[in-house]
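J.: Hey, dropping work30.cif in here, mmCIF, C-alpha atoms:
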data_data
#
loop_
_atom_site.label_atom_id
_atom_site.label_comp_id
_atom_site.auth_asym_id
_atom_site.auth_seq_id
_atom_site.Cartn_x
_atom_site.Cartn_y
_atom_site.Cartn_z
CA MET A 409 0.00 0.00 0.00
CA ARG A 410 1.01 3.64 -0.44
CA ILE A 411 1.85 5.87 2.51
CA ALA A 412 -1.59 7.56 2.23
CA GLU A 413 -3.35 4.23 2.79
CA LEU A 414 -0.98 3.33 5.63
CA SER A 415 -1.91 6.67 7.15
CA SER A 416 -5.67 6.21 6.88
CA ARG A 417 -5.63 2.59 8.04
CA SER A 418 -3.46 3.35 11.06
CA GLY A 419 -5.03 6.69 11.93
CA THR A 420 -1.54 8.23 11.90
CA SER A 421 -0.73 11.35 9.89
CA VAL A 422 1.66 11.04 6.92
CA ALA A 423 3.93 13.55 8.69
CA SER A 424 4.14 11.28 11.76
CA ILE A 425 4.83 8.22 9.60
CA LYS A 426 7.67 10.07 7.87
CA TYR A 427 9.01 11.09 11.26
CA TYR A 428 8.98 7.48 12.51
CA LEU A 429 10.73 6.41 9.29
CA ARG A 430 13.43 9.08 9.77
CA GLU A 431 13.87 8.13 13.43
CA GLY A 432 14.26 4.46 12.48
CA LEU A 433 11.22 3.26 14.46
CA LEU A 434 9.48 2.11 11.28
CA PRO A 435 11.49 0.17 8.67
CA PRO A 436 11.52 1.68 5.17
CA GLY A 437 9.02 0.45 2.57
CA THR A 438 9.98 -1.06 -0.78
CA SER A 439 10.95 1.67 -3.22
CA THR A 440 8.55 1.79 -6.19
CA GLY A 441 9.93 4.86 -7.90
CA ARG A 442 11.14 8.36 -7.23
CA ASN A 443 9.87 9.39 -3.79
CA GLN A 444 7.42 6.48 -3.65
CA ALA A 445 7.44 3.34 -1.57
CA ALA A 446 5.09 0.43 -0.90
CA TYR A 447 4.24 -0.67 2.62
CA GLY A 448 2.91 -4.01 3.83
CA GLU A 449 0.76 -5.35 6.66
CA HIS A 450 3.84 -5.61 8.88
CA HIS A 451 4.29 -1.84 8.57
CA LEU A 452 0.71 -1.37 9.74
CA ARG A 453 1.25 -3.70 12.71
CA ARG A 454 4.51 -1.97 13.62
CA LEU A 455 2.87 1.45 13.36
CA ARG A 456 0.14 0.35 15.78
CA LEU A 457 2.78 -0.87 18.21
CA ILE A 458 4.69 2.43 17.92
CA ARG A 459 1.53 4.43 18.66
CA ALA A 460 0.62 2.20 21.60
CA LEU A 461 4.09 2.57 23.14
CA ILE A 462 4.21 6.35 22.67
CA ASP A 463 0.59 7.48 23.01
CA VAL A 464 -0.68 4.98 25.56
CA GLY A 465 2.52 3.88 27.31
CA GLY A 466 3.92 7.41 27.42
CA LEU A 467 7.34 6.33 26.08
CA SER A 468 9.75 8.81 24.51
CA ILE A 469 10.91 8.25 20.92
CA ALA A 470 14.29 7.09 22.26
CA ALA A 471 12.71 4.62 24.72
CA ALA A 472 10.36 3.29 22.01
CA ARG A 473 13.35 2.80 19.69
CA GLU A 474 15.14 0.70 22.34
CA VAL A 475 12.08 -1.49 22.87
CA LEU A 476 11.45 -1.98 19.14
CA SER A 477 15.06 -2.86 18.50
CA ALA A 478 14.81 -5.55 21.21
CA VAL A 479 11.57 -6.88 19.66
CA ASP A 480 13.47 -7.15 16.36
CA THR A 481 16.16 -9.34 17.92
CA PRO A 482 14.41 -12.72 17.85
CA GLN A 483 17.19 -14.59 19.65
CA LEU A 484 16.86 -12.32 22.72
CA PRO A 485 15.68 -14.44 25.69
CA GLY A 486 12.30 -13.43 27.14
CA HIS A 487 13.80 -12.45 30.46
CA THR A 488 16.30 -10.10 28.80
CA LEU A 489 13.53 -8.50 26.75
CA LEU A 490 11.57 -7.86 29.94
CA GLY A 491 14.59 -5.96 31.21
CA VAL A 492 14.52 -3.77 28.09
CA ALA A 493 10.78 -3.09 28.47
CA HIS A 494 11.38 -2.23 32.13
CA GLY A 495 14.23 0.08 31.16
CA ALA A 496 11.77 2.04 29.03
CA LEU A 497 9.53 2.56 32.09
CA ASP A 498 12.41 3.51 34.35
CA ARG A 499 12.14 6.98 35.86
CA PRO A 500 15.34 8.98 35.73
CA HIS A 501 16.24 9.06 39.38
CA ARG A 502 18.37 11.87 40.68
CA ARG A 503 18.94 10.87 44.29
CA ASP A 504 22.42 11.06 45.64
CA PRO A 505 23.60 7.52 46.55
CA SER A 506 25.99 9.03 49.10
CA ASP A 507 22.98 10.39 51.06
CA PRO A 508 22.61 8.12 54.13
CA ALA A 509 18.79 8.54 54.11
CA TRP A 510 18.62 7.35 50.52
CA ARG A 511 20.95 4.43 51.22
CA ALA A 512 18.76 3.41 54.17
CA ALA A 513 15.68 3.50 51.92
CA ARG A 514 17.49 1.43 49.29
CA GLU A 515 18.40 -1.13 51.96
CA GLU A 516 14.79 -1.18 53.22
CA VAL A 517 13.57 -2.01 49.71
CA ALA A 518 16.30 -4.62 49.22
CA THR A 519 15.28 -6.28 52.51
CA LEU A 520 11.61 -6.40 51.46
CA VAL A 521 12.60 -7.94 48.13
CA ARG A 522 14.83 -10.51 49.86
CA GLU A 523 12.20 -11.43 52.44
CA ARG A 524 9.69 -12.05 49.68
CA GLY A 525 12.14 -14.34 47.92
CA TRP A 526 12.22 -12.14 44.82
CA HIS A 527 15.52 -12.75 43.04
CA VAL A 528 16.39 -9.59 41.12
CA ALA A 529 19.63 -8.08 39.86
CA GLU A 530 21.33 -5.98 42.53
CA ASP A 531 21.56 -3.02 40.15
CA SER A 532 17.91 -3.22 39.08
CA SER A 533 16.56 0.29 38.53
CA GLY A 534 13.32 -0.85 40.21
CA LEU A 535 15.26 -0.91 43.50
CA ASP A 536 16.46 2.66 42.90
CA ASN A 537 13.03 3.96 41.91
CA ALA A 538 11.36 2.33 44.91
CA ALA A 539 14.08 3.74 47.18
CA ASP A 540 13.46 7.22 45.72
CA ALA A 541 9.80 7.00 46.72
CA VAL A 542 10.51 5.57 50.19
CA ALA A 543 13.20 8.18 50.92
CA ALA A 544 10.92 11.00 49.73
CA MET A 545 8.02 9.80 51.90
CA ARG A 546 10.24 9.72 54.98
CA GLN A 547 11.76 13.11 54.22
CA LEU A 548 8.28 14.61 53.85
CA GLY A 549 7.20 13.14 57.20
CA GLN A 550 4.80 10.71 55.47
CA GLU A 551 6.38 7.50 56.77
CA ASP A 552 3.06 6.20 58.14
CA LEU A 553 1.93 5.79 54.51
CA LEU A 554 4.69 3.21 54.10
CA GLU A 555 2.52 0.83 56.13
CA ALA A 556 0.86 0.15 52.77
CA MET A 557 4.12 -1.37 51.46
CA PRO A 558 3.11 -5.00 52.18
CA THR A 559 -0.19 -4.37 50.38
CA TYR A 560 1.72 -2.90 47.42
CA ALA A 561 4.12 -5.86 47.40
CA ASP A 562 1.29 -8.43 47.62
CA ALA A 563 -0.45 -6.73 44.71
CA ALA A 564 2.77 -6.63 42.68
CA GLU A 565 3.33 -10.33 43.30
CA ARG A 566 -0.17 -11.43 42.28
CA ILE A 567 -0.07 -9.22 39.20
CA ALA A 568 3.35 -10.51 38.11
CA GLU A 569 2.35 -14.17 38.51
CA HIS A 570 -0.86 -13.72 36.52
CA GLU A 571 0.94 -11.82 33.76
CA LEU A 572 3.61 -14.50 33.48
CA ASP A 573 0.90 -17.21 33.35
CA LEU A 574 -0.68 -15.46 30.37
CA VAL A 575 2.58 -14.89 28.51
CA ILE A 576 3.80 -18.44 29.05
CA ALA A 577 0.44 -19.86 27.89
CA ARG A 578 1.22 -18.52 24.43
CA ARG A 579 4.07 -20.98 23.83
CA ASP A 580 5.13 -19.33 20.54
CA PRO A 581 8.34 -17.36 21.33
CA ALA A 582 7.52 -14.46 18.97
CA ARG A 583 4.09 -14.04 20.56
CA MET A 584 5.63 -14.27 24.03
CA VAL A 585 7.99 -11.42 23.13
CA GLU A 586 5.09 -9.23 22.01
CA GLY A 587 3.22 -10.12 25.17
CA VAL A 588 6.09 -9.12 27.42
CA VAL A 589 6.34 -5.71 25.75
CA ALA A 590 2.61 -4.98 25.50
CA GLY A 591 1.83 -6.40 28.92
CA THR A 592 4.62 -4.54 30.67
CA ILE A 593 4.06 -1.13 29.12
CA LEU A 594 0.29 -1.04 28.47
CA GLY A 595 -0.32 -2.94 31.73
CA GLU A 596 1.39 -0.08 33.59
CA THR A 597 -1.05 2.44 32.12
CA LEU A 598 -3.99 0.17 32.91
CA ILE A 599 -2.97 -0.54 36.53
CA SER A 600 -2.31 3.15 37.19
CA ALA A 601 -5.73 4.11 35.79
CA LEU A 602 -7.56 1.39 37.77
CA ARG A 603 -5.81 2.42 40.99
CA ARG A 604 -6.96 6.01 40.46
CA LEU A 605 -10.53 4.85 39.82
CA ALA A 606 -10.53 2.65 42.94
CA GLU A 607 -9.10 5.53 44.98
CA GLN A 608 -11.79 7.87 43.68
CA ALA A 609 -14.48 5.39 44.63
CA ALA A 610 -13.02 4.79 48.10
CA SER A 611 -12.45 8.49 48.64
CA ALA A 612 -16.01 9.43 47.60
CA ARG A 613 -17.27 6.99 50.23
CA ARG A 614 -14.86 7.92 52.97
CA LEU A 615 -13.47 11.45 52.59
CA PRO A 616 -15.39 14.75 52.85
CA THR A 617 -16.71 15.60 49.38
CA ALA A 618 -18.18 19.04 49.95
CA MET B 947 17.99 31.49 56.53
CA ARG B 948 19.64 32.80 53.37
CA ILE B 949 19.11 31.16 49.98
CA ALA B 950 22.56 29.50 50.25
CA GLU B 951 21.55 27.69 53.43
CA LEU B 952 18.19 26.75 51.95
CA SER B 953 20.13 25.28 49.04
CA SER B 954 22.53 23.22 51.15
CA ARG B 955 19.85 21.98 53.56
CA SER B 956 17.51 20.92 50.75
CA GLY B 957 20.21 19.62 48.40
CA THR B 958 18.75 21.85 45.67
CA SER B 959 20.92 24.24 43.66
CA VAL B 960 20.40 28.00 44.09
CA ALA B 961 19.57 28.17 40.38
CA SER B 962 16.76 25.62 40.82
CA ILE B 963 15.41 27.47 43.86
CA LYS B 964 15.33 30.72 41.87
CA TYR B 965 13.56 28.90 39.06
CA TYR B 966 10.89 27.54 41.44
CA LEU B 967 10.46 31.07 42.88
CA ARG B 968 10.01 32.53 39.38
CA GLU B 969 7.58 29.76 38.44
CA GLY B 970 5.54 30.40 41.58
CA LEU B 971 6.03 26.90 43.04
CA LEU B 972 7.92 28.31 46.04
CA PRO B 973 6.52 31.41 47.81
CA PRO B 974 8.93 34.37 48.06
CA GLY B 975 11.01 34.84 51.19
CA THR B 976 10.91 37.95 53.37
CA SER B 977 12.93 40.73 51.78
CA THR B 978 15.92 41.70 53.94
CA GLY B 979 17.52 44.17 51.60
CA ARG B 980 18.48 44.68 47.99
CA ASN B 981 18.47 41.25 46.30
CA GLN B 982 18.35 39.45 49.65
CA ALA B 983 15.58 37.50 51.29
CA ALA B 984 15.17 35.30 54.35
CA TYR B 985 13.56 31.87 54.14
CA GLY B 986 11.97 29.79 56.87
CA GLU B 987 11.39 26.13 57.71
CA HIS B 988 8.19 26.15 55.66
CA HIS B 989 10.25 27.03 52.57
CA LEU B 990 12.46 24.02 53.26
CA ARG B 991 9.42 21.75 53.65
CA ARG B 992 7.86 23.12 50.49
CA LEU B 993 11.10 22.67 48.58
CA ARG B 994 11.25 19.01 49.62
CA LEU B 995 7.68 18.52 48.44
CA ILE B 996 8.47 20.19 45.10
CA ARG B 997 11.48 17.93 44.57
CA ALA B 998 9.50 14.82 45.51
CA LEU B 999 6.70 15.68 43.07
CA ILE B 1000 9.05 16.49 40.20
CA ASP B 1001 12.04 14.17 40.71
CA VAL B 1002 10.30 11.13 42.20
CA GLY B 1003 6.74 11.54 40.97
CA GLY B 1004 7.82 12.62 37.49
CA LEU B 1005 5.44 15.62 37.44
CA SER B 1006 5.97 18.53 35.07
CA ILE B 1007 6.39 22.04 36.51
CA ALA B 1008 2.83 22.86 35.41
CA ALA B 1009 1.38 19.73 37.05
CA ALA B 1010 3.35 20.37 40.26
CA ARG B 1011 2.05 23.96 40.31
CA GLU B 1012 -1.56 22.70 40.11
CA VAL B 1013 -1.02 20.25 42.97
CA LEU B 1014 0.74 22.80 45.19
CA SER B 1015 -1.95 25.38 44.59
CA ALA B 1016 -4.56 22.81 45.71
CA VAL B 1017 -2.48 22.00 48.81
CA ASP B 1018 -2.49 25.74 49.59
CA THR B 1019 -6.29 25.89 49.53
CA PRO B 1020 -7.08 24.57 53.01
CA GLN B 1021 -10.85 24.62 52.55
CA LEU B 1022 -10.62 22.19 49.61
CA PRO B 1023 -12.36 18.92 50.55
CA GLY B 1024 -10.11 15.84 50.61
CA HIS B 1025 -11.98 14.17 47.79
CA THR B 1026 -11.55 17.22 45.54
CA LEU B 1027 -7.84 17.36 46.32
CA LEU B 1028 -7.52 13.71 45.32
CA GLY B 1029 -8.99 14.68 41.95
CA VAL B 1030 -6.27 17.33 41.54
CA ALA B 1031 -3.51 14.85 42.46
CA HIS B 1032 -4.99 12.38 39.98
CA GLY B 1033 -5.14 15.06 37.31
CA ALA B 1034 -1.37 15.47 37.72
CA LEU B 1035 -0.88 11.75 36.98
CA ASP B 1036 -3.24 11.77 34.02
CA ARG B 1037 -1.65 10.72 30.74
CA PRO B 1038 -2.53 12.92 27.80
CA HIS B 1039 -4.69 10.55 25.82
CA ARG B 1040 -5.04 11.07 22.11
CA ARG B 1041 -7.58 8.42 21.16
CA ASP B 1042 -10.43 9.40 18.92
CA PRO B 1043 -13.72 9.04 20.87
CA SER B 1044 -15.55 8.57 17.55
CA ASP B 1045 -13.56 5.34 16.96
CA PRO B 1046 -15.98 2.44 17.66
CA ALA B 1047 -13.14 0.23 18.99
CA TRP B 1048 -12.17 2.91 21.52
CA ARG B 1049 -15.80 3.44 22.54
CA ALA B 1050 -16.19 -0.31 23.08
CA ALA B 1051 -13.07 -0.34 25.27
CA ARG B 1052 -14.40 2.65 27.25
CA GLU B 1053 -17.69 0.82 27.79
CA GLU B 1054 -15.82 -2.33 28.85
CA VAL B 1055 -13.96 -0.34 31.52
CA ALA B 1056 -17.15 1.43 32.63
CA THR B 1057 -18.86 -1.96 33.02
CA LEU B 1058 -15.99 -3.31 35.14
CA VAL B 1059 -16.13 -0.22 37.35
CA ARG B 1060 -19.93 -0.51 37.70
CA GLU B 1061 -19.82 -4.23 38.50
CA ARG B 1062 -17.28 -3.58 41.23
CA GLY B 1063 -19.53 -0.93 42.74
CA TRP B 1064 -16.94 1.80 42.23
CA HIS B 1065 -18.76 5.13 42.04
CA VAL B 1066 -16.65 7.48 39.93
CA ALA B 1067 -17.42 10.57 37.84
CA GLU B 1068 -18.46 9.63 34.32
CA ASP B 1069 -15.84 11.94 32.85
CA SER B 1070 -13.02 10.62 35.04
CA SER B 1071 -9.77 10.58 33.06
CA GLY B 1072 -8.98 7.22 34.66
CA LEU B 1073 -11.76 5.74 32.50
CA ASP B 1074 -10.20 7.26 29.37
CA ASN B 1075 -6.66 6.14 30.24
CA ALA B 1076 -7.80 2.60 31.02
CA ALA B 1077 -9.79 2.53 27.76
CA ASP B 1078 -6.68 3.67 25.86
CA ALA B 1079 -4.75 0.67 27.20
CA VAL B 1080 -7.59 -1.82 26.58
CA ALA B 1081 -8.17 -0.57 23.03
CA ALA B 1082 -4.43 -0.69 22.27
CA MET B 1083 -4.13 -4.26 23.58
CA ARG B 1084 -7.03 -5.40 21.38
CA GLN B 1085 -5.70 -3.58 18.34
CA LEU B 1086 -2.30 -5.22 18.81
CA GLY B 1087 -3.88 -8.67 19.05
CA GLN B 1088 -2.95 -8.94 22.76
CA GLU B 1089 -6.48 -9.35 24.09
CA ASP B 1090 -5.62 -12.53 26.00
CA LEU B 1091 -3.51 -10.35 28.33
CA LEU B 1092 -6.74 -8.62 29.38
CA GLU B 1093 -7.57 -11.76 31.36
CA ALA B 1094 -5.38 -10.13 34.02
CA MET B 1095 -7.93 -7.28 34.37
CA PRO B 1096 -9.72 -8.81 37.40
CA THR B 1097 -6.33 -9.28 39.09
CA TYR B 1098 -5.47 -5.64 38.33
CA ALA B 1099 -8.84 -4.47 39.66
CA ASP B 1100 -8.55 -6.58 42.86
CA ALA B 1101 -5.09 -5.13 43.45
CA ALA B 1102 -6.34 -1.58 42.84
CA GLU B 1103 -9.19 -2.09 45.29
CA ARG B 1104 -7.02 -3.47 48.10
CA ILE B 1105 -4.45 -0.74 47.58
CA ALA B 1106 -7.05 2.04 47.59
CA GLU B 1107 -8.73 0.79 50.77
CA HIS B 1108 -5.43 0.50 52.63
CA GLU B 1109 -4.32 3.96 51.48
CA LEU B 1110 -7.60 5.52 52.60
CA ASP B 1111 -7.32 3.75 55.99
CA LEU B 1112 -3.91 5.35 56.51
CA VAL B 1113 -4.97 8.84 55.43
CA ILE B 1114 -8.15 8.79 57.52
CA ALA B 1115 -6.23 7.57 60.59
CA ARG B 1116 -4.45 10.93 60.61
CA ARG B 1117 -7.58 12.88 61.60
CA ASP B 1118 -5.90 16.31 61.19
CA PRO B 1119 -7.24 17.75 57.89
CA ALA B 1120 -3.94 19.43 56.92
CA ARG B 1121 -2.05 16.15 57.42
CA MET B 1122 -4.74 14.28 55.47
CA VAL B 1123 -4.26 16.67 52.55
CA GLU B 1124 -0.50 16.06 52.53
CA GLY B 1125 -1.14 12.33 52.74
CA VAL B 1126 -3.46 12.34 49.75
CA VAL B 1127 -0.88 14.14 47.62
CA ALA B 1128 2.19 12.20 48.76
CA GLY B 1129 0.38 8.86 48.80
CA THR B 1130 -1.15 9.30 45.37
CA ILE B 1131 1.93 10.53 43.55
CA LEU B 1132 4.81 8.82 45.37
CA GLY B 1133 2.69 5.68 45.79
CA GLU B 1134 2.41 5.47 42.00
CA THR B 1135 6.21 5.44 41.64
CA LEU B 1136 6.51 2.85 44.40
CA ILE B 1137 3.84 0.50 43.02
CA SER B 1138 5.28 0.71 39.52
CA ALA B 1139 8.78 -0.12 40.82
CA LEU B 1140 7.55 -3.04 42.95
CA ARG B 1141 5.58 -4.47 40.02
CA ARG B 1142 8.72 -4.39 37.88
CA LEU B 1143 10.73 -6.10 40.61
CA ALA B 1144 8.07 -8.80 41.07
CA GLU B 1145 7.94 -9.31 37.30
CA GLN B 1146 11.72 -9.63 37.12
CA ALA B 1147 11.65 -12.24 39.89
CA ALA B 1148 8.80 -14.20 38.28
CA SER B 1149 10.37 -13.94 34.86
CA ALA B 1150 13.79 -15.14 36.09
CA ARG B 1151 12.06 -18.22 37.48
CA ARG B 1152 9.79 -18.89 34.55
CA LEU B 1153 11.11 -17.42 31.28
CA PRO B 1154 14.26 -18.45 29.38
CA THR B 1155 17.18 -16.40 30.72
CA ALA B 1156 19.98 -17.40 28.41
#
Using structure tokens, write down the structure from this file.

T.:
Amino acid sequence: MRIAELSSRSGTSVASIKYYLREGLLPPGTSTGRNQAAYGEHHLRRLRLIRALIDVGGLSIAAAREVLSAVDTPQLPGHTLLGVAHGALDRPHRRDPSDPAWRAAREEVATLVRERGWHVAEDSSGLDNAADAVAAMRQLGQEDLLEAMPTYADAAERIAEHELDLVIARRDPARMVEGVVAGTILGETLISALRRLAEQAASARRLPTA
Amino acid sequence: MRIAELSSRSGTSVASIKYYLREGLLPPGTSTGRNQAAYGEHHLRRLRLIRALIDVGGLSIAAAREVLSAVDTPQLPGHTLLGVAHGALDRPHRRDPSDPAWRAAREEVATLVRERGWHVAEDSSGLDNAADAVAAMRQLGQEDLLEAMPTYADAAERIAEHELDLVIARRDPARMVEGVVAGTILGETLISALRRLAEQAASARRLPTA
């Protein structure tokens, strides 16, 4: 198909498609003449994935490029790919590791992870991001809110097991790879939205509304 | 204290403090002469909150300004403040509401919310964000991953109830307000990090690693 059809079928402007082509997120089409190229169904599928990662998952162009390049490396083990998808969700953390309060928070998170029997890499950015939040809560005098940590960890555990069940049920490695990426990144948006809805419902019942 | 002391005690550069003053996130100090001002403990506390919202919560300057202005409105009911904190976490969604697939996803989310007895505003952005993720999963052929939705919703419900318990236990309205903001925004960072850690642990056990 021509770029105009790719645009209308994907709901993405021609300008955006050209931008994704330039940025290397979308592979080039087959040249059919001066300034013309033909695109296939795989371009349409890739374009939908790009839009989902950027528009729904909130990824930057650079983060989306990393994820797509991992998806395009079929020999990459599933666990490694998960690490790449997680890297795209990583928040740039700016805490000073020499700050004793931050180090204490990092150790608190590491202890929780150990006690739950979660085996994770010692340099996992999830440990740093969690420590950022714990250190900030303590510094703001909000440490009582950290009593919800076991509830958060239980929820994380149940969610992770169910997600892995679904990905593993697919059996086909290529489909498992897609599932890891979509589940990790779109799942984050979905969980965040459902938490806000549940909070709104609980708050309407229990906090002053007017 | 002078701005230099405020900087060293908060671990924030003088340039950043001046930027927050210009942007209206930090209230001005008391003028003590030409180009000099004195700052108090409340400036230090506010500065820590600003850094937590921006560095740990990932909020933009504009979103942080909205949240801080709500915190500064003491007569604002807790439930309304929660809405402001949620607004700061809202993802800009770009789906076309005239798209039948998106409308079906929105209805699917609304049905889930209704069946769970969650009373939320019909125009809640959480409904739109969740619909974005559901529609994207279906469009990418990942609909089997939506079988995790009940697990996500259970987790959201347990988390919300525990968070509300902790905020309500404070009794003091000013402390409740702080708790809603810190819990909503820092809690999001914490939950996201713990989910990634739990996924890494589950994946290391269950997916090919090398």

J.: Just need the residues of chain B within 7 Å of chain A, counting all atoms listed in the file, so spit them out as a PyMOL selection string.

T.: chain B and resi 994-995+998+1001-1002+1023-1026+1032+1039-1040+1064-1066+1072+1075-1076+1078-1079+1082+1086+1088+1091+1094+1097-1099+1101-1103+1105-1110+1112+1125+1129+1132+1135-1137+1139-1150+1153-1156

J.: Expressed in Å to a single decimal, how great is the separation between atom CA of B:Gly975 and atom CA of B:His988?

T.: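 Calculated distance between atom CA of B:Gly975 and atom CA of B:His988 is 10.2 Å.
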
J.: Of the candidates A:Arg546, A:Arg417, A:Arg473, A:Arg522, which one gets nearest to A:Leu433 if we count only C-alpha atoms?

T.: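 Closest to A:Leu433, using only C-alpha atoms: A:Arg473.
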
J.: Please, what distance in Å, to one decimal, runs between atom CA of B:Tyr965 and atom CA of B:Glu951?

T.: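 Separating atom CA of B:Tyr965 from atom CA of B:Glu951 is a distance of 16.5 Å.
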
J.: Separation of atom CA of B:Val1030 and atom CA of B:Leu972, in Å?

T.: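 Going from atom CA of B:Val1030 over to atom CA of B:Leu972, I get 18.5 Å.
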
J.: For A:Val422, work out the shell of residues within 7 Å, counting only C-alpha atoms and skipping chain neighbours fewer than 5 positions away, then give it as a PyMOL selection string.

T.: chain A and resi 411-412+415

J.: Kindly indicate which residue among A:Val589, A:Ala509, A:Leu429, A:Ala496 lies nearest to A:Ala470, using only C-alpha atoms for the distances.

T.: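 Looking at the shortest contact to A:Ala470, the residue is A:Ala496.
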
J.: The residues within 9 Å of (9.9, 8.5, 19.0), using only C-alpha atoms and the coordinates of the file, should be reported as number ranges by chain; which are they?

T.: A: 427-428, 431-433, 458, 462, 467-473

J.: If you apply the PyMOL selection byres ((chain B and resi 948) around 12) to this file, what residues do you get, as number ranges by chain?

T.: B: 947, 949-955, 960, 963, 975-979, 981-987, 989-990

J.: Let me have the centre and edge lengths in Å, one decimal, of the box along x, y and z around every listed atom of stretch 572-584 of chain A with 6 Å of margin on each side, as AutoDock Vina command-line options.

T.:
--center_x 3.8 --center_y -17.5 --center_z 26.2 --size_x 21.0 --size_y 18.9 --size_z 26.5
